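Structure first, then comments.
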Amino acid sequence: MTDSAPLKEILRLLRQSDSLLITAGAGMGIDSGLPDFRGTHGFWRAYPALGEAGLSFEEMANPRAFRANIRQAWGFYGHRLNLYRRTDPHQGFQDLLHLGKQFPGGFFVFTSNVDGQFQKAGFPDDRIVECHGSIHFLQCLNACRSEVWKADNLTPGIDESSCLLLSPPPSCAYCGRPARPNVLMFGDGEWVGQRTRQQMLAFREWFQSVSRPVVLEIGAGESVPTVRNFGESLGCPLVRINPREWQVPQGSNHVGWPIGAKEGLEILANTYGQTNRLQ
């Protein structure tokens with residue numbers, strides 16, 4: 001595997017770069033044991049009670065779900081919050097952090113994941129853009145103001161067999177009406193994006209300070225292409241790690257590697273460190 005043609009090209013792109021932009025989608029967390037919601041049946045395997053009710057991921061990841069049945073909506077999001085809190089990031093996160101620290105211009109993370117796994121793995125919070133928000137923050141369901149607050153004091157009690165919230169639903173810290181996760185959902189005109197906008201300002205400042213960045217995309221699929229589109233739009237060399245959707249746009253500075261996140265990052269971090277020491 002270490003002699004593969006994709007790996008050699010990836011090492012070439014990394015060696016000629018002064019900084020690393022990590023872009024990551026849901027595939028980054030699969031090796032940690034987090035559920036894969038790809039396709040309706042994948043979602044229903046993770047949440048059989050919602051499958052029995054015929055509810056799709058798009059219907060649950062929607063602000064309308066909180067107005068239709070807040071106990072059910074918080075049953076879904078509360079279970080995810082509890083799951084992310086008790087899940088340890090896989091070793092690939094540490095390999096990636098070690099890799100990023102070797103670049104003179106440093107690194108930045110742009111992710112659509114709302115699980116907070118990068119922070120839990122030790123990535124600095126001021127070097128992360130969470131473009132879809134974070135489940136670890138709350139906002140008013142009615143977006144009464146542009147503030148969000150941490151969900152640290154929220155401990156949802158969930159009946160997993162029915163995917164229903166047993167404990168009282170959280171309320172807005174400002175107006176007292178129902179609260180929801182500060183996560184960008186489908187058809188979401190009420191998402192409070194101020195925190196993400198501040199993260200983007202920090203990213204742009206960093207991006208302007210480096211001269212030869214390379215994009216390392218991990219586990220970002222085509223079904224919700226936010227991460228893929230962002231990385232491709234920057235005009236930088238692109239490395240795409242994805243076991244299924246690894247194809248890249250035509251060009252000598254783009255490389256696709258059909259491999260999983262944990263395995264690929266372990267190989268990449270070890271090999272890049274060895275080649276650097278030999279130079």
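Identifiers in the structure tokens: chain A, B, ... in order shown; residue index from 1 per chain; ligand index from 1 in order shown.
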Would you pick out the contacts of Asn242 in chain A at 9 Å or less, using only C-alpha atoms, so that residues sharing its chain but fewer than 4 positions from it are not included, and give the list as JSON, numbers by chain? {"A": [27, 217, 218, 219, 220, 221, 246, 247, 256, 257, 258, 259, 260, 261]}
Next, write the just-selected residues to a file, as a JSON list (two decimals), in the first residue's frame, keeping all heavy atoms as the atom set.
[["chain", "number", "residue", "atom", "x", "y", "z"],
["A", 27, "GLY", "N", -17.72, 10.55, 6.55],
["A", 27, "GLY", "CA", -16.86, 9.38, 6.48],
["A", 27, "GLY", "C", -15.69, 9.42, 7.45],
["A", 27, "GLY", "O", -15.09, 8.39, 7.74],
["A", 217, "GLU", "N", -8.95, 16.20, 1.72],
["A", 217, "GLU", "CA", -10.37, 15.93, 1.96],
["A", 217, "GLU", "C", -10.55, 14.48, 2.39],
["A", 217, "GLU", "O", -10.04, 13.56, 1.74],
["A", 217, "GLU", "CB", -11.17, 16.20, 0.68],
["A", 217, "GLU", "CG", -12.66, 15.92, 0.80],
["A", 217, "GLU", "CD", -13.34, 15.85, -0.55],
["A", 217, "GLU", "OE1", -13.42, 16.89, -1.22],
["A", 217, "GLU", "OE2", -13.80, 14.75, -0.93],
["A", 218, "ILE", "N", -11.33, 14.27, 3.45],
["A", 218, "ILE", "CA", -11.50, 12.94, 4.02],
["A", 218, "ILE", "C", -12.98, 12.65, 4.23],
["A", 218, "ILE", "O", -13.67, 13.37, 4.95],
["A", 218, "ILE", "CB", -10.76, 12.82, 5.37],
["A", 218, "ILE", "CG1", -9.31, 13.30, 5.24],
["A", 218, "ILE", "CG2", -10.80, 11.39, 5.89],
["A", 218, "ILE", "CD1", -8.72, 13.77, 6.54],
["A", 219, "GLY", "N", -13.47, 11.59, 3.60],
["A", 219, "GLY", "CA", -14.81, 11.10, 3.89],
["A", 219, "GLY", "C", -15.94, 12.03, 3.55],
["A", 219, "GLY", "O", -16.97, 12.01, 4.21],
["A", 220, "ALA", "N", -15.76, 12.86, 2.52],
["A", 220, "ALA", "CA", -16.82, 13.78, 2.11],
["A", 220, "ALA", "C", -17.53, 13.23, 0.88],
["A", 220, "ALA", "O", -16.90, 13.04, -0.16],
["A", 220, "ALA", "CB", -16.25, 15.17, 1.82],
["A", 221, "GLY", "N", -18.82, 12.97, 1.00],
["A", 221, "GLY", "CA", -19.57, 12.35, -0.08],
["A", 221, "GLY", "C", -20.23, 13.36, -1.00],
["A", 221, "GLY", "O", -20.16, 14.58, -0.81],
["A", 246, "TRP", "N", -14.02, 8.52, -4.63],
["A", 246, "TRP", "CA", -12.67, 9.06, -4.55],
["A", 246, "TRP", "C", -12.26, 9.82, -5.81],
["A", 246, "TRP", "O", -11.19, 10.47, -5.82],
["A", 246, "TRP", "CB", -11.68, 7.92, -4.33],
["A", 246, "TRP", "CG", -11.79, 6.82, -5.37],
["A", 246, "TRP", "CD1", -12.58, 5.70, -5.27],
["A", 246, "TRP", "CD2", -11.14, 6.76, -6.63],
["A", 246, "TRP", "NE1", -12.45, 4.92, -6.41],
["A", 246, "TRP", "CE2", -11.56, 5.56, -7.27],
["A", 246, "TRP", "CE3", -10.22, 7.57, -7.30],
["A", 246, "TRP", "CZ2", -11.12, 5.17, -8.52],
["A", 246, "TRP", "CZ3", -9.78, 7.19, -8.56],
["A", 246, "TRP", "CH2", -10.22, 6.00, -9.15],
["A", 247, "GLN", "N", -13.07, 9.80, -6.86],
["A", 247, "GLN", "CA", -12.68, 10.45, -8.11],
["A", 247, "GLN", "C", -12.51, 11.96, -7.90],
["A", 247, "GLN", "O", -13.25, 12.59, -7.15],
["A", 247, "GLN", "CB", -13.72, 10.18, -9.20],
["A", 247, "GLN", "CG", -13.83, 8.73, -9.63],
["A", 247, "GLN", "CD", -14.68, 7.87, -8.70],
["A", 247, "GLN", "OE1", -15.22, 8.37, -7.72],
["A", 247, "GLN", "NE2", -14.81, 6.60, -9.02],
["A", 256, "GLY", "N", -6.95, 11.21, -6.11],
["A", 256, "GLY", "CA", -7.96, 10.47, -5.38],
["A", 256, "GLY", "C", -7.40, 9.16, -4.86],
["A", 256, "GLY", "O", -6.66, 8.47, -5.58],
["A", 257, "TRP", "N", -7.72, 8.81, -3.64],
["A", 257, "TRP", "CA", -7.20, 7.60, -3.02],
["A", 257, "TRP", "C", -8.36, 6.80, -2.44],
["A", 257, "TRP", "O", -8.98, 7.21, -1.46],
["A", 257, "TRP", "CB", -6.20, 7.97, -1.92],
["A", 257, "TRP", "CG", -5.34, 6.84, -1.43],
["A", 257, "TRP", "CD1", -5.18, 5.61, -1.99],
["A", 257, "TRP", "CD2", -4.51, 6.85, -0.27],
["A", 257, "TRP", "NE1", -4.31, 4.85, -1.26],
["A", 257, "TRP", "CE2", -3.87, 5.58, -0.21],
["A", 257, "TRP", "CE3", -4.23, 7.82, 0.71],
["A", 257, "TRP", "CZ2", -2.98, 5.26, 0.82],
["A", 257, "TRP", "CZ3", -3.33, 7.48, 1.73],
["A", 257, "TRP", "CH2", -2.72, 6.23, 1.78],
["A", 258, "PRO", "N", -8.69, 5.64, -3.02],
["A", 258, "PRO", "CA", -9.83, 4.85, -2.54],
["A", 258, "PRO", "C", -9.46, 4.03, -1.30],
["A", 258, "PRO", "O", -9.10, 2.86, -1.38],
["A", 258, "PRO", "CB", -10.16, 3.94, -3.73],
["A", 258, "PRO", "CG", -8.87, 3.80, -4.47],
["A", 258, "PRO", "CD", -8.12, 5.09, -4.27],
["A", 259, "ILE", "N", -9.57, 4.67, -0.14],
["A", 259, "ILE", "CA", -9.20, 4.03, 1.12],
["A", 259, "ILE", "C", -10.00, 4.69, 2.25],
["A", 259, "ILE", "O", -10.43, 5.84, 2.12],
["A", 259, "ILE", "CB", -7.67, 4.18, 1.35],
["A", 259, "ILE", "CG1", -7.18, 3.24, 2.45],
["A", 259, "ILE", "CG2", -7.30, 5.63, 1.64],
["A", 259, "ILE", "CD1", -5.66, 3.17, 2.55],
["A", 260, "GLY", "N", -10.20, 3.97, 3.33],
["A", 260, "GLY", "CA", -10.92, 4.52, 4.47],
["A", 260, "GLY", "C", -10.09, 5.53, 5.24],
["A", 260, "GLY", "O", -8.86, 5.58, 5.12],
["A", 261, "ALA", "N", -10.75, 6.33, 6.06],
["A", 261, "ALA", "CA", -10.09, 7.43, 6.75],
["A", 261, "ALA", "C", -9.00, 6.94, 7.70],
["A", 261, "ALA", "O", -7.85, 7.39, 7.63],
["A", 261, "ALA", "CB", -11.13, 8.26, 7.52]]
Under the rule of at most 12 Å, produce a per-residue listing of range 101-155 of chain A near range 33-46 of chain A: chain, number, name, the closest pair of atoms, and the distance in Å, as a tab-separated table, using only C-alpha atoms.
residue	atom	partner	partner_atom	distance
A:Asn113	CA	A:Leu34	CA	11.3
A:Val114	CA	A:Leu34	CA	12.0
A:Asp115	CA	A:Leu34	CA	9.5
A:Gln117	CA	A:Leu34	CA	10.5
For the selection you just gave me, I'd like the residues written to a file as a tab-separated table (two decimals), in the first residue's frame, keeping N, CA and C atoms.
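Output saved as selection-v3.tsv:
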chain	number	residue	atom	x	y	z
A	113	ASN	N	-19.27	17.99	9.72
A	113	ASN	CA	-19.65	17.17	10.86
A	113	ASN	C	-20.02	18.05	12.06
A	114	VAL	N	-21.08	17.67	12.73
A	114	VAL	CA	-21.57	18.45	13.88
A	114	VAL	C	-21.24	17.77	15.20
A	115	ASP	N	-20.39	16.74	15.16
A	115	ASP	CA	-20.20	15.87	16.32
A	115	ASP	C	-19.13	16.35	17.30
A	117	GLN	N	-15.94	15.92	17.13
A	117	GLN	CA	-14.87	14.94	17.28
A	117	GLN	C	-13.48	15.55	17.09
Dump as a tab-separated table the rows for residues of range 148-266 of chain A within 9 Å of range 12-17 of chain A: closest atom pair and distance in Å with one decimal, only C-alpha atoms counted, ordered by chain and rising residue number.
residue	atom	partner	partner_atom	distance
A:Ser211	CA	A:Ser17	CA	8.2
A:Arg212	CA	A:Ser17	CA	4.9
A:Pro213	CA	A:Ser17	CA	5.5
A:Val214	CA	A:Ser17	CA	6.0
A:Pro237	CA	A:Leu13	CA	7.0
A:Leu238	CA	A:Leu13	CA	8.4
A:Val239	CA	A:Leu13	CA	8.3
A:Asn253	CA	A:Leu13	CA	7.2
A:His254	CA	A:Leu13	CA	8.6
A:Val255	CA	A:Leu13	CA	8.9
Can you write just those residues out, all heavy atoms, as a tab-separated table (two decimals), in the first residue's frame?
chain	number	residue	atom	x	y	z
A	211	SER	N	0.90	30.53	1.55
A	211	SER	CA	1.13	30.72	0.11
A	211	SER	C	0.92	29.47	-0.72
A	211	SER	O	0.57	29.56	-1.89
A	211	SER	CB	2.55	31.25	-0.12
A	211	SER	OG	3.51	30.37	0.45
A	212	ARG	N	1.11	28.28	-0.14
A	212	ARG	CA	1.00	27.06	-0.93
A	212	ARG	C	0.19	26.00	-0.17
A	212	ARG	O	0.72	24.95	0.20
A	212	ARG	CB	2.40	26.50	-1.28
A	212	ARG	CG	3.27	27.45	-2.07
A	212	ARG	CD	4.59	26.81	-2.49
A	212	ARG	NE	5.26	26.14	-1.39
A	212	ARG	CZ	5.99	26.75	-0.46
A	212	ARG	NH1	6.13	28.07	-0.48
A	212	ARG	NH2	6.59	26.06	0.50
A	213	PRO	N	-1.08	26.25	0.08
A	213	PRO	CA	-1.88	25.27	0.82
A	213	PRO	C	-2.26	24.07	-0.06
A	213	PRO	O	-2.37	24.18	-1.28
A	213	PRO	CB	-3.13	26.06	1.22
A	213	PRO	CG	-3.26	27.10	0.15
A	213	PRO	CD	-1.86	27.46	-0.27
A	214	VAL	N	-2.44	22.94	0.58
A	214	VAL	CA	-2.97	21.74	-0.06
A	214	VAL	C	-4.22	21.33	0.70
A	214	VAL	O	-4.28	21.44	1.92
A	214	VAL	CB	-1.93	20.59	-0.08
A	214	VAL	CG1	-1.50	20.20	1.32
A	214	VAL	CG2	-2.48	19.37	-0.84
A	237	PRO	N	-4.13	22.43	-4.81
A	237	PRO	CA	-3.99	20.98	-4.98
A	237	PRO	C	-4.94	20.25	-4.04
A	237	PRO	O	-5.13	20.65	-2.89
A	237	PRO	CB	-2.53	20.72	-4.63
A	237	PRO	CG	-1.84	22.01	-4.88
A	237	PRO	CD	-2.84	23.08	-4.52
A	238	LEU	N	-5.53	19.16	-4.52
A	238	LEU	CA	-6.57	18.45	-3.77
A	238	LEU	C	-6.23	16.98	-3.64
A	238	LEU	O	-5.95	16.31	-4.64
A	238	LEU	CB	-7.93	18.62	-4.46
A	238	LEU	CG	-9.08	17.74	-3.96
A	238	LEU	CD1	-9.48	18.13	-2.54
A	238	LEU	CD2	-10.28	17.84	-4.91
A	239	VAL	N	-6.26	16.48	-2.41
A	239	VAL	CA	-6.13	15.05	-2.13
A	239	VAL	C	-7.46	14.58	-1.57
A	239	VAL	O	-7.95	15.13	-0.57
A	239	VAL	CB	-5.00	14.77	-1.12
A	239	VAL	CG1	-4.98	13.29	-0.75
A	239	VAL	CG2	-3.66	15.22	-1.68
A	253	ASN	N	-2.67	18.29	-10.25
A	253	ASN	CA	-2.53	18.58	-8.84
A	253	ASN	C	-3.69	18.05	-8.00
A	253	ASN	O	-3.94	18.55	-6.91
A	253	ASN	CB	-2.38	20.08	-8.60
A	253	ASN	CG	-0.98	20.57	-8.94
A	253	ASN	OD1	-0.03	19.81	-8.89
A	253	ASN	ND2	-0.87	21.83	-9.31
A	254	HIS	N	-4.41	17.06	-8.52
A	254	HIS	CA	-5.50	16.44	-7.79
A	254	HIS	C	-5.28	14.93	-7.76
A	254	HIS	O	-4.98	14.32	-8.80
A	254	HIS	CB	-6.85	16.74	-8.44
A	254	HIS	CG	-7.14	18.21	-8.57
A	254	HIS	ND1	-6.87	19.11	-7.57
A	254	HIS	CD2	-7.69	18.93	-9.59
A	254	HIS	CE1	-7.23	20.32	-7.95
A	254	HIS	NE2	-7.72	20.24	-9.17
A	255	VAL	N	-5.44	14.33	-6.58
A	255	VAL	CA	-5.23	12.89	-6.42
A	255	VAL	C	-6.37	12.30	-5.62
A	255	VAL	O	-6.72	12.82	-4.55
A	255	VAL	CB	-3.89	12.59	-5.72
A	255	VAL	CG1	-3.68	11.08	-5.63
A	255	VAL	CG2	-2.73	13.25	-6.43
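Comparing the minimum interatomic distances between Leu97 in chain A and each of A:Leu50, A:Val148, A:Leu268, A:Ala26, counting only C-alpha atoms, we find that A:Leu268 sits nearest.
Distance-wise, CA of Met185 in chain A and CA of Leu265 in chain A end up 29.5 Å apart.
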